[in-house]
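Engineer: Attaching a single structure in structure tokens format; questions to follow.
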Amino acid sequence: MNNSLFRRAVSKIKNSISSYVLRRFDNPSHNYRSLDLFPSRLPRIINHSDADVVNIHWIGTEMMSVEQVAKIKKPVIWTLHDSWMLNGVYHVSPKDLEPYYTAPLPNKLDKWMMRRKRNSYTKIPMHFVTPSTWLKDRFEASYLNTPGNSCDVIRNLIDTTVWKPLDKNSAKNGLNFDKAKKHVLFIAPSHLNVNINKGFCFIKKILEEYDTSNYVFHFVGTNDSLQYENVFVHGRLSDQEQLVKYYSACDIVIIPSMSENMSNAAVESLLCGTPILCFATTGLDEIVQNGVNGYKARKFDVEDLYKGLITLAEMEFPHPVENTVEEYLPELNLNRYIRLYQKYAK
């Protein structure tokens with residue numbers, strides 16, 4: 001067996017064991033969890049590299065163990081794309097789903113994970129990056145906020161050469177949209193009824209309990225079969241140009257997530273000229289401005305979410321919504337990263 005096949009086999013075994021352990025503990029919110037049990041060669045490769053600074057984005061799926069981070073001998077910048085670092089095993093804190101969902105008390109696995117993280121992640125000074133002020137606030141209230149650690153807000157880099165508005169009428173014609181209806185886009189997770197966090201439950205209530213006869217809902221990213229007359233399921237789209245057409249052709253993009261660090265879909269939609277309907281929670285609260293580029297409903301309030309649907313369908317925005325996300329432009333945030341690297345590189 002060559003080295004590549006061997007490493008893939010070892011990786012598969014590690015993840016199988018980790019998944020087995022996780023399955024022994026309830027996951028009622030069905031959110032993604034990571035243990036990072038097993039060591040890997042990665043810290044040794046990093047330490048023997050010529051890198052001046054290490055920017056960690058993700059170490060889930062057993063890339064390296066929790067304990068190995070403290071063995072990295074180069075300056076570490078860690079970009080937090082979710083709140084896993086601040087939780088036990090969860091990448092999205094179950095508490096973010098309250099009061100819609102009652103978060104379970106931390107179990108033995110969660111408590112053990114937090115001990116591991118505290119013991120490892122406080123051994124070396126690290127600089128953290130969060131794409132939202134919401135997550136930075138969480139960092140500052142956490143065990144990570146210790147002398148020697150610091151945190152900056154730098155938005156995710158969104159390619160504005162890809163995500164840009166098309167003529168709405170032309171986009172509607174190209175996708176054969178009925179122009180007598182208002183079209184609503186939902187970027188769906190792979191399984192609608194599994195990931196509670198993405199908020200399909202709220203859309204389901206709107207479809208079943210409110211008048212949506214003037215709307216057509218387009219679900220992209222799932223192949224789930226849905227028995228609603230005004231819902232079209234388009235499956236997964238790997239072609240970004242095709243997704244730009246959907247963003248541009250639709251009149252509203254609905255993102256009813258309970259917890260989002262920084263929603264790339266929200267920024268992409270706005271760059272394509274389409275307003276957002278969401279809840280006034282977490283990172284989305286920073287992106288969307290009521291009456292300027294969308295509507296923020298009260299937290300997990302379906303009636304207010306439906307009110308927002310009607311409001312956006314009737315609203316004419318005085319300024320292009322794509323001009324409301326200047327803070328998220330790639331040039332600005334790339335320069336912030338470069339200055340950060342220069343500051344911490346040895």
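Residue numbering restarts at 1 for every chain of the structure tokens, chains are lettered A, B, ... in their displayed order, and ligands are numbered from 1 as they appear.
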Please list as a ChimeraX atom specification every residue within 12 Å of Gly221 (chain A), counting only C-alpha atoms and excluding residues in the same chain fewer than 2 positions away.
Structural biologist: /A:185-192,218-219,223-224,232-239,243,265
Engineer: Quick check for you: according to DSSP on this backbone, which residues of region 32-102 of chain A are classed as strand (DSSP E or B)? Reply as a PyMOL selection string.
Structural biologist: chain A and resi 33+54-56+76-79+90
Engineer: With DSSP run on the backbone, what are the helix (DSSP H, G or I) residues within region 63-280 of chain A? I'd like them as a PyMOL selection string.
Structural biologist: chain A and resi 66-71+84-86+94-97+108-121+133-140+168-174+196-198+200-209+240-249+264-271
Engineer: Which residues are near Lys74 (chain A)? Cut-off 10 Å, only C-alpha atoms, ignore same chain within fewer than 5 positions. Put them as a VMD selection string.
Structural biologist: chain A and resid 43 46 to 54 126 344 to 346
Engineer: Per residue of region 149-254 of chain A within 8 Å of region 305-322 of chain A, what are the shortest atom pair and its distance in Å to one decimal, counting only C-alpha atoms, with rows by chain and residue number, as CSV?
Structural biologist:
residue,atom,partner,partner_atom,distance
A:Lys182,CA,A:Ala313,CA,6.7
A:Ile206,CA,A:Tyr306,CA,6.6
A:Tyr210,CA,A:Tyr306,CA,7.7
A:Asp251,CA,A:Ala313,CA,7.2
A:Ile252,CA,A:Leu312,CA,7.1
Engineer: Determine the nearest neighbour of Lys71 (chain A) from the options A:Tyr121, A:Gln240, A:Arg23, A:Lys108, counting only C-alpha atoms.
Structural biologist: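 For Lys71 (chain A), the nearest of the candidates is A:Tyr121.
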Engineer: Can you work out which one of A:Arg298, A:Leu340, A:Glu303, A:Pro275 has the shortest atom-to-atom distance to Val325 (chain A), counting only C-alpha atoms?
Structural biologist: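 Closest candidate: A:Pro275.
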Engineer: May I have the residues within 9 Å of Pro28 (chain A) as number ranges by chain, using only C-alpha atoms and disregarding those fewer than 3 positions away in the same chain?
Structural biologist: A: 31, 103-104
Engineer: Residues of the last selection are to be written out with all heavy atoms, as a compact mmCIF listing (two decimals), in the first residue's frame.
Structural biologist:
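Just written: out-v9.txt:
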# COMPACT_ATOMS: atom_id res chain seq x y z
N ASN A 31 -26.69 19.13 15.25
CA ASN A 31 -25.63 20.00 14.77
C ASN A 31 -24.30 19.24 14.72
O ASN A 31 -24.10 18.26 15.42
CB ASN A 31 -25.50 21.24 15.66
CG ASN A 31 -26.57 22.26 15.34
OD1 ASN A 31 -26.84 22.53 14.18
ND2 ASN A 31 -27.21 22.81 16.36
N ALA A 103 -31.95 23.63 25.03
CA ALA A 103 -30.60 23.09 24.98
C ALA A 103 -30.38 22.10 26.13
O ALA A 103 -30.75 22.38 27.27
CB ALA A 103 -29.57 24.21 25.06
N PRO A 104 -29.76 20.95 25.84
CA PRO A 104 -29.49 19.99 26.91
C PRO A 104 -28.35 20.48 27.80
O PRO A 104 -27.53 21.30 27.40
CB PRO A 104 -29.05 18.74 26.14
CG PRO A 104 -28.45 19.28 24.87
CD PRO A 104 -29.26 20.51 24.53
Engineer: Which is closest to Ile338 (chain A) among A:Leu175, A:Val66, A:Ile154, A:Ile59, if we use only C-alpha atoms?
Structural biologist: A:Ile154
Engineer: With a distance cut-off of 8 Å and only C-alpha atoms, select the neighbouring residues of Asp152 (chain A), excluding the residue or stretch itself and same-chain residues fewer than 6 positions from it, and output the selection as JSON, numbers by chain.
Structural biologist: {"A": [128, 129, 130, 136]}
Engineer: Please provide as an NGL selection string all residues within 12 Å of Ile287 (chain A), with the sequence filter that same-chain residues fewer than 6 positions apart are discarded (counting only C-alpha atoms).
Structural biologist: :A and (131-134 or 155 or 255 or 260-271 or 275-281 or 293-296 or 321-328)
Engineer: Print the selection's residues with N, CA, C and O atoms to a file, as a short mmCIF file (atom, residue, chain, number, x, y, z; two decimals), in the first residue's frame.
Structural biologist:
data_model
loop_
_atom_site.label_atom_id
_atom_site.label_comp_id
_atom_site.auth_asym_id
_atom_site.auth_seq_id
_atom_site.Cartn_x
_atom_site.Cartn_y
_atom_site.Cartn_z
N PRO A 131 -15.10 36.46 11.95
CA PRO A 131 -15.73 37.21 10.86
C PRO A 131 -16.91 38.08 11.32
O PRO A 131 -17.45 38.83 10.52
N SER A 132 -17.30 37.99 12.59
CA SER A 132 -18.41 38.80 13.09
C SER A 132 -18.06 39.36 14.46
O SER A 132 -17.31 38.75 15.23
N THR A 133 -18.63 40.52 14.75
CA THR A 133 -18.48 41.10 16.08
C THR A 133 -19.18 40.24 17.12
O THR A 133 -18.74 40.13 18.27
N TRP A 134 -20.29 39.61 16.70
CA TRP A 134 -21.03 38.72 17.60
C TRP A 134 -20.12 37.63 18.17
O TRP A 134 -20.12 37.38 19.37
N ARG A 155 -13.72 40.14 8.11
CA ARG A 155 -14.80 39.45 7.41
C ARG A 155 -14.25 38.40 6.46
O ARG A 155 -13.12 38.49 5.97
N ILE A 255 -33.11 33.66 4.97
CA ILE A 255 -32.08 32.96 5.74
C ILE A 255 -32.55 32.92 7.19
O ILE A 255 -32.14 33.74 8.02
N GLU A 260 -25.63 32.08 13.01
CA GLU A 260 -24.67 32.21 11.90
C GLU A 260 -23.55 33.12 12.36
O GLU A 260 -23.80 34.21 12.89
N ASN A 261 -22.32 32.69 12.15
CA ASN A 261 -21.17 33.54 12.46
C ASN A 261 -21.17 34.70 11.48
O ASN A 261 -21.51 35.83 11.82
N MET A 262 -20.81 34.42 10.23
CA MET A 262 -21.00 35.38 9.15
C MET A 262 -21.60 34.60 8.00
O MET A 262 -20.98 33.67 7.48
N SER A 263 -22.80 34.94 7.57
CA SER A 263 -23.46 34.21 6.51
C SER A 263 -22.93 34.64 5.15
O SER A 263 -23.21 35.75 4.68
N ASN A 264 -22.12 33.77 4.52
CA ASN A 264 -21.65 34.07 3.17
C ASN A 264 -22.82 34.23 2.21
O ASN A 264 -22.78 35.06 1.30
N ALA A 265 -23.86 33.40 2.40
CA ALA A 265 -25.02 33.47 1.51
C ALA A 265 -25.67 34.85 1.57
O ALA A 265 -26.13 35.37 0.53
N ALA A 266 -25.73 35.45 2.75
CA ALA A 266 -26.34 36.78 2.87
C ALA A 266 -25.53 37.81 2.10
O ALA A 266 -26.10 38.64 1.36
N VAL A 267 -24.21 37.79 2.24
CA VAL A 267 -23.37 38.76 1.54
C VAL A 267 -23.43 38.51 0.03
O VAL A 267 -23.53 39.45 -0.76
N GLU A 268 -23.38 37.25 -0.38
CA GLU A 268 -23.48 36.92 -1.80
C GLU A 268 -24.79 37.43 -2.40
O GLU A 268 -24.82 38.00 -3.50
N SER A 269 -25.89 37.23 -1.68
CA SER A 269 -27.19 37.68 -2.15
C SER A 269 -27.23 39.20 -2.31
O SER A 269 -27.69 39.71 -3.34
N LEU A 270 -26.73 39.90 -1.31
CA LEU A 270 -26.74 41.37 -1.38
C LEU A 270 -25.86 41.86 -2.52
O LEU A 270 -26.21 42.81 -3.22
N LEU A 271 -24.70 41.23 -2.72
CA LEU A 271 -23.83 41.61 -3.84
C LEU A 271 -24.52 41.38 -5.18
O LEU A 271 -24.20 42.05 -6.16
N PRO A 275 -32.45 41.54 -1.56
CA PRO A 275 -32.54 41.75 -0.12
C PRO A 275 -32.72 40.46 0.66
O PRO A 275 -33.13 39.43 0.12
N ILE A 276 -32.46 40.55 1.98
CA ILE A 276 -32.45 39.39 2.86
C ILE A 276 -33.60 39.47 3.86
O ILE A 276 -33.89 40.53 4.41
N LEU A 277 -34.22 38.31 4.09
CA LEU A 277 -35.18 38.14 5.17
C LEU A 277 -34.58 37.19 6.18
O LEU A 277 -34.21 36.06 5.84
N CYS A 278 -34.45 37.62 7.44
CA CYS A 278 -33.80 36.79 8.46
C CYS A 278 -34.32 37.16 9.84
O CYS A 278 -35.19 38.03 9.97
N PHE A 279 -33.78 36.52 10.85
CA PHE A 279 -34.04 36.90 12.23
C PHE A 279 -32.93 37.84 12.71
O PHE A 279 -31.79 37.77 12.23
N ALA A 280 -33.27 38.69 13.66
CA ALA A 280 -32.29 39.63 14.21
C ALA A 280 -31.44 38.92 15.26
O ALA A 280 -31.54 39.18 16.46
N THR A 281 -30.61 37.99 14.80
CA THR A 281 -29.79 37.20 15.71
C THR A 281 -28.38 37.04 15.14
O THR A 281 -28.16 37.10 13.93
N ASN A 293 -31.51 46.98 3.32
CA ASN A 293 -31.14 45.85 2.46
C ASN A 293 -31.88 44.57 2.87
O ASN A 293 -31.48 43.48 2.47
N GLY A 294 -32.93 44.72 3.68
CA GLY A 294 -33.68 43.55 4.07
C GLY A 294 -34.61 43.80 5.23
O GLY A 294 -34.93 44.96 5.56
N TYR A 295 -35.02 42.71 5.85
CA TYR A 295 -35.94 42.78 7.00
C TYR A 295 -35.46 41.77 8.03
O TYR A 295 -35.24 40.60 7.72
N LYS A 296 -35.32 42.25 9.30
CA LYS A 296 -34.92 41.38 10.40
C LYS A 296 -36.13 41.17 11.32
O LYS A 296 -36.59 42.10 11.97
N VAL A 321 -28.94 47.54 -2.97
CA VAL A 321 -28.56 46.83 -1.75
C VAL A 321 -27.11 46.34 -1.83
O VAL A 321 -26.48 46.11 -0.79
N GLU A 322 -26.57 46.19 -3.04
CA GLU A 322 -25.18 45.73 -3.15
C GLU A 322 -24.19 46.75 -2.60
O GLU A 322 -23.02 46.43 -2.33
N ASN A 323 -24.66 47.99 -2.40
CA ASN A 323 -23.78 49.03 -1.85
C ASN A 323 -23.77 49.04 -0.32
O ASN A 323 -23.13 49.89 0.29
N THR A 324 -24.48 48.11 0.30
CA THR A 324 -24.58 48.09 1.76
C THR A 324 -23.59 47.14 2.42
O THR A 324 -23.63 46.97 3.63
N VAL A 325 -22.74 46.51 1.64
CA VAL A 325 -21.81 45.52 2.20
C VAL A 325 -20.35 45.91 1.95
O VAL A 325 -19.50 45.05 1.73
N GLU A 326 -20.08 47.21 1.99
CA GLU A 326 -18.71 47.66 1.76
C GLU A 326 -17.74 47.10 2.79
O GLU A 326 -16.57 46.84 2.49
N GLU A 327 -18.22 46.89 4.01
CA GLU A 327 -17.39 46.34 5.07
C GLU A 327 -16.91 44.93 4.74
O GLU A 327 -15.92 44.45 5.29
N TYR A 328 -17.58 44.27 3.81
CA TYR A 328 -17.29 42.87 3.48
C TYR A 328 -16.50 42.73 2.18
O TYR A 328 -16.27 41.61 1.72
#
Engineer: Of the candidates A:Lys123, A:Thr160, A:Phe38, A:Gln242, which shows the shortest atom-to-atom distance to Gly148 (chain A), using only C-alpha atoms?
Structural biologist: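 Counting only C-alpha atoms, the residue closest to Gly148 (chain A) is A:Lys123.
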Engineer: Quote the spacing between CA of Pro125 (chain A) and CA of Leu86 (chain A) in Å to one decimal place.
Structural biologist: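 Taking CA of Pro125 (chain A) and CA of Leu86 (chain A), their separation equals 16.2 Å.
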